[in-house]
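These notes are about the structure you will find just below.
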Amino acid sequence: MVKHFVRLEWKSFLRSASFGKSLAIKILMGFLALYFIAIFLSIGVFLYPALKKAMPDADPLQVVNNVLFYWVLFDLIFRFFFQKLPVMVVKPLLTLPIKRSKIINYVLGKSSLSFFNFLPLFAIIPFGVTLIIEGYPALSVVTWMVTMFIIVLIINFLNFIIESFSAQAEMSFLPIILIVASLYGLNYFSIISFSKLFSDGINAIYEIPVLIVIPILILLGTYLYNFKLLKKKLFLDAGLKAKVKEVQASNLEWTKSFGDIAPFMQLDLKLIWRNKRTKSSVWMLLIGLLYGLFFYPQPQFQNEFWLYPFVGVFSTGIFLINFGQFIPAWDSGYYKLLMSQNIKYEQYLKSKFTLMALSVAILFVLGIPYVFLGWEILLAHFVAAIYNVGVNTHVILYGGSFNRKKIDLSQKAAFNYQGTGAVQWLIGIPLLLLPMGLFTAFYFLVGFEMACLILAALGIVGIVFHQKLMKIIAAKYLESKHKMIAAFNQDN
Amino acid sequence: MITTYNISKKYNNNVVLNIESLDIPKGQSFGLVGNNGAGKTTYFSLLLDLIQPTTGYIKNNNIQVNESEAWKPFTSAFIDESFLIGYLTPEEYFYFIGELRNQNKADVDALVSQFEDFFHGEILNQKKYLRDLSKGNQKKVGIVAALIGNPEVVILDEPFANLDPTTQIRLKGIVKDLAEKQGVTVLISSHDLLHVTDVCERIVVLEKGEIVKDLVTNAATLKELEAHFSN
């Protein structure tokens, strides 16, 4: 039976849509994985000497044990957003003669093979080995390492328990934030010192290895609890049924002031707000807005003016980039409908343009407080905003006519590369690198103000020729209409 | 109303449709029958300019569909679920289609209210998105949306599939009414021989992309079709 499960899993991996994705993305994901492995490995290898150097009096193992609590909290939050229990895949198995308990064990067992669980090992093992080399008692260190891995697995299963309870809630991420925040708060204000309790516990296991049965029992407990939860849910009308949310409609009458593009704007706003994948691009606005704070306050960037427009383009254009790069794939699910209706491509595209231009304006206005960090920043953001509206919107719309990848709107957003093709990566060059390169060149040749003027001028040229550019773009879309319909008709 | 001239569609030298000529007069209720892969959906897709013909062309009210878009205002269709916008409610979807076809909310409401029986209380005011409706209910929404804006040509691909018996009977009434009383040209494809013979004045049988029968419906048609498909 296990053999069958493994074979199914292997096939789903080989034949999955993401496996068939372009090589570039696979390589990128591979690099991401390698990158994290490298980080954890270097933590594992260098942690001991680093701690020894930083705190010569303290025992590195003690220091690590003291902060373990915070790692657990962080890991819980991280997993909550990125790791999901793959229950949906078992639907076709339900009617086959397989015991339910076997299916549940399979799902839970599979979850323990997640990359998230193996990653910490890259830090735990080298650190443990260093400890043994440094003369710590081998048996105790091995027990410590095993305990660490058990804790990782406990977090793994604990996460699913939290998820199953918070899934019903409207703001599903609130419970986890509350739990973690209150644990952290209780600890921080020393009401209950969890970090102390935690490190005492680990120390006790380190001293008396037999105590390892306690975390093992906890692990078993979380596993069995998950088992119980899943057993209740493994029915079509319970956990396996997709949730139906009640609609909260708004009439969006204000879009009427945009004239003939109003129906499309309403549609786009609903598209953004009612689908998981697009909704996340709204949250990205916040990241874009605060992006400057990573750069500007740091002393080493204080006089690096050439960097400002890059931050500006990114900060005011984050929605433009996020939303724009998947035009018209957002509408791929009903593209045939749009194409058989009495609409003009120009109206359709103009609605997207208006949304993107509005977002740039709003983000610029919200970013005005950056002026407290220097007037140059505001100026750079202003010209970047003009450049975004005048040049980048048109470039990204034009790039969209090469879009041939369908997007399934119901899929979740994080780490979802569906709809991404080579064009989406190439388009980043004119979008971000070109303005930055131009600016840098003029900055070093003539100066900051002149470089700003050049960017602004480019943007204004784009705005002046807006009508003409839109005609060209619409013609391009019309030309590739049939190719797009055929491509969007395919299920990856 | 719809004239087909030597149209053919090939995929990698594989001919999926080849119709020398086919004339559908205004106000006719026209049925297209055939097994899977006979070319029914291909023909409808060509008619809507969703795919490009390999040779030939189709004229809709004297407008060549792959050259001009002027046929769009008086033509509407429901081919499959990809004609629905999953994240809208049925009402929002009707209004959206209405706006594209120059109908205001009151016009749309007036039209949609005629179909209350057809909806059987499961569509309007349900506070549900289209993606959360059952297949059959999605189909009802798509069919009614195709009737918004007084189209002169209505194209429905497999309208009876997935519908419950009551709704099938009501749909037959709607289609008959469109063709007989309102002079709308209705094109329907179906696997259900009984339903097409009930509804359509004329039935064309496609086989491997070619027209093999072109019948004016009468009492003997059903028998004839059954005989044709049983061997």
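To be explicit about the labels: the chains of the structure tokens are called A, B, and onward in the order shown, and within each one the residues are counted from 1, while ligands get numbers from 1 in the order they are shown.
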
Kindly provide the residues of chain B that approach chain A to within 6 Å, each paired with its closest atom pair and their distance in Å to one decimal, based on only C-alpha atoms, listed by chain and increasing number, as a tab-separated table.
residue	atom	partner	partner_atom	distance
B:Ile51	CA	A:His482	CA	5.8
B:Lys72	CA	A:Asn342	CA	5.0
B:Pro73	CA	A:Asn342	CA	5.4
B:Ser82	CA	A:Tyr334	CA	4.8
B:Phe83	CA	A:Leu337	CA	4.5
B:Ile85	CA	A:Tyr334	CA	5.9
B:Lys127	CA	A:Val247	CA	5.0
B:Lys128	CA	A:Val247	CA	5.7

Keeping only N, CA and C atoms, write those residues as a PDB file, in the first residue's frame.
ATOM      1  N   ILE B  51     -11.438  30.925 -32.878  1.00  0.00           N
ATOM      2  CA  ILE B  51     -10.324  30.266 -33.555  1.00  0.00           C
ATOM      3  C   ILE B  51     -10.333  30.727 -35.011  1.00  0.00           C
ATOM      4  N   LYS B  72     -20.607  41.468 -33.398  1.00  0.00           N
ATOM      5  CA  LYS B  72     -20.691  41.235 -31.953  1.00  0.00           C
ATOM      6  C   LYS B  72     -21.935  41.832 -31.282  1.00  0.00           C
ATOM      7  N   PRO B  73     -22.358  43.040 -31.659  1.00  0.00           N
ATOM      8  CA  PRO B  73     -23.519  43.606 -30.943  1.00  0.00           C
ATOM      9  C   PRO B  73     -24.790  42.766 -31.045  1.00  0.00           C
ATOM     10  N   SER B  82     -16.193  28.643 -19.240  1.00  0.00           N
ATOM     11  CA  SER B  82     -15.212  29.716 -19.367  1.00  0.00           C
ATOM     12  C   SER B  82     -15.861  31.001 -19.868  1.00  0.00           C
ATOM     13  N   PHE B  83     -17.181  30.970 -20.077  1.00  0.00           N
ATOM     14  CA  PHE B  83     -17.890  32.215 -20.391  1.00  0.00           C
ATOM     15  C   PHE B  83     -18.409  32.889 -19.129  1.00  0.00           C
ATOM     16  N   ILE B  85     -17.715  34.477 -15.202  1.00  0.00           N
ATOM     17  CA  ILE B  85     -16.667  35.104 -14.402  1.00  0.00           C
ATOM     18  C   ILE B  85     -16.879  34.658 -12.967  1.00  0.00           C
ATOM     19  N   LYS B 127     -26.408  35.379  -2.613  1.00  0.00           N
ATOM     20  CA  LYS B 127     -25.145  35.842  -2.031  1.00  0.00           C
ATOM     21  C   LYS B 127     -24.037  34.832  -2.235  1.00  0.00           C
ATOM     22  N   LYS B 128     -23.993  34.286  -3.426  1.00  0.00           N
ATOM     23  CA  LYS B 128     -22.939  33.320  -3.730  1.00  0.00           C
ATOM     24  C   LYS B 128     -22.222  33.761  -4.987  1.00  0.00           C
TER      25      LYS B 128
END

message = Using DSSP secondary structure from the backbone, list all alpha helix (DSSP H) positions within range 27-115 of chain B, as a PyMOL selection string.
response = chain B and resi 40-47+90-100+105-113

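The space between CA of Arg79 in chain A and CA of Phe294 in chain A spans 24.5 Å.
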
Residue neighbourhood range 130-147 of chain B, 6 Å, only C-alpha atoms, exclusion window fewer than 4 positions, as number ranges by chain = B: 76-78, 86, 88-89, 94, 162-163

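Residue neighbourhood of range 166-175 of chain B, excluding near-sequence residues (fewer than 3 positions): Ser29, Phe118, Phe160, Leu163, Leu178, Ala179, Val186, His195, Asp198 and Val199 of chain B, at 8 Å, using only C-alpha atoms.
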
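As for CA of Asp214 in chain B and CA of Gly183 in chain B, they are spaced 21.3 Å apart.
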
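Non-sequential neighbours of Val313 in chain A (distance at most 10 Å, separation of 5 or more positions within a chain, only C-alpha atoms) are Gly288, Tyr308, Ile318, Leu320, Ile321, Val360, Phe364, Ala380, His381, Phe382, Val383, Ala384, Ala385, Ile386, Tyr387, Asn388, Asn392, Leu431, Leu432, Leu433, Pro435 and Met436 of chain A.
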
When DSSP works through the backbone of this structure, what residues of range 4-211 of chain B end up as strand (DSSP E or B), shown as a short mmCIF file (atom, residue, chain, number, x, y, z; two decimals) with C-alpha atoms, in the first residue's frame?
data_model
loop_
_atom_site.label_atom_id
_atom_site.label_comp_id
_atom_site.auth_asym_id
_atom_site.auth_seq_id
_atom_site.Cartn_x
_atom_site.Cartn_y
_atom_site.Cartn_z
CA THR B 4 -20.71 29.41 -44.40
CA TYR B 5 -18.36 29.36 -47.36
CA ASN B 6 -15.95 26.43 -47.78
CA ILE B 7 -14.86 26.58 -44.20
CA SER B 8 -12.27 24.12 -42.91
CA LYS B 9 -10.13 23.80 -39.83
CA LYS B 10 -7.01 21.68 -39.62
CA TYR B 11 -4.77 20.91 -36.67
CA ASN B 14 -5.81 16.61 -39.09
CA VAL B 15 -9.06 17.94 -40.55
CA VAL B 16 -11.53 18.58 -37.74
CA LEU B 17 -14.08 20.55 -39.75
CA ASN B 18 -14.83 20.84 -43.45
CA ILE B 19 -18.12 22.42 -44.49
CA GLU B 20 -18.61 23.41 -48.10
CA SER B 21 -21.69 25.49 -47.58
CA LEU B 22 -24.27 25.92 -44.87
CA ASP B 23 -27.00 28.54 -44.86
CA ILE B 24 -29.02 29.32 -41.77
CA SER B 29 -33.93 27.22 -34.72
CA PHE B 30 -31.01 25.18 -35.85
CA GLY B 31 -29.67 22.03 -34.22
CA LEU B 32 -26.23 20.55 -34.61
CA VAL B 33 -25.82 16.89 -33.69
CA THR B 55 -9.70 28.01 -45.30
CA GLY B 56 -12.98 29.76 -46.06
CA TYR B 57 -15.06 32.08 -43.92
CA ILE B 58 -18.40 32.57 -42.23
CA LYS B 59 -20.68 35.55 -42.75
CA ASN B 60 -23.03 36.59 -39.99
CA ILE B 63 -20.41 40.55 -41.95
CA GLN B 64 -17.39 38.32 -42.34
CA THR B 75 -24.66 37.92 -31.49
CA SER B 76 -24.36 36.23 -28.13
CA ALA B 77 -23.25 32.82 -26.98
CA PHE B 78 -22.76 30.45 -24.11
CA VAL B 153 -28.26 35.29 -33.05
CA VAL B 154 -27.95 33.08 -29.97
CA ILE B 155 -25.44 30.23 -29.89
CA LEU B 156 -25.71 27.60 -27.16
CA ASP B 157 -23.32 24.67 -26.99
CA THR B 185 -31.80 32.72 -34.93
CA VAL B 186 -30.91 30.05 -32.37
CA LEU B 187 -28.05 27.63 -32.86
CA ILE B 188 -27.91 24.66 -30.54
CA SER B 189 -25.71 21.64 -30.32
CA SER B 190 -26.69 18.60 -28.34
CA ARG B 202 -33.77 21.92 -38.75
CA ILE B 203 -31.13 19.45 -37.72
CA VAL B 204 -27.69 18.96 -39.24
CA VAL B 205 -25.65 15.90 -38.41
CA LEU B 206 -21.88 16.27 -38.37
CA GLU B 207 -19.52 13.35 -38.61
CA GLU B 210 -18.45 16.88 -42.46
CA ILE B 211 -22.18 17.36 -42.89
#

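The closest residue to Val67 in chain A, picked from A:Thr95, A:Asn187, A:Asn105, A:Gln83 and counting only C-alpha atoms, is A:Asn187.
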
task = Please measure the separation of CA of Leu378 in chain A and CA of Ile287 in chain A, giving the value in Å to one decimal.
result = 17.9 Å

key: Neighbour list for Ser230 in chain B as a ChimeraX atom specification, cut-off 12 Å, only C-alpha atoms, skip fewer than 5 positions in-chain   = /B:35,193,223-225

request  = For Phe353 in chain A, list every protein, DNA or RNA residue within 8 Å, evaluated using only C-alpha atoms, and leave out those in the same chain fewer than 5 positions away; present the list as a PyMOL selection string.
outcome  = chain A and resi 393-394+397

Selected residues written out with C-alpha atoms, as a compact mmCIF listing (two decimals), in the first residue's frame:
# COMPACT_ATOMS: atom_id res chain seq x y z
CA THR A 393 2.53 51.23 -17.55
CA HIS A 394 2.78 51.16 -21.33
CA LEU A 397 0.76 46.48 -21.05
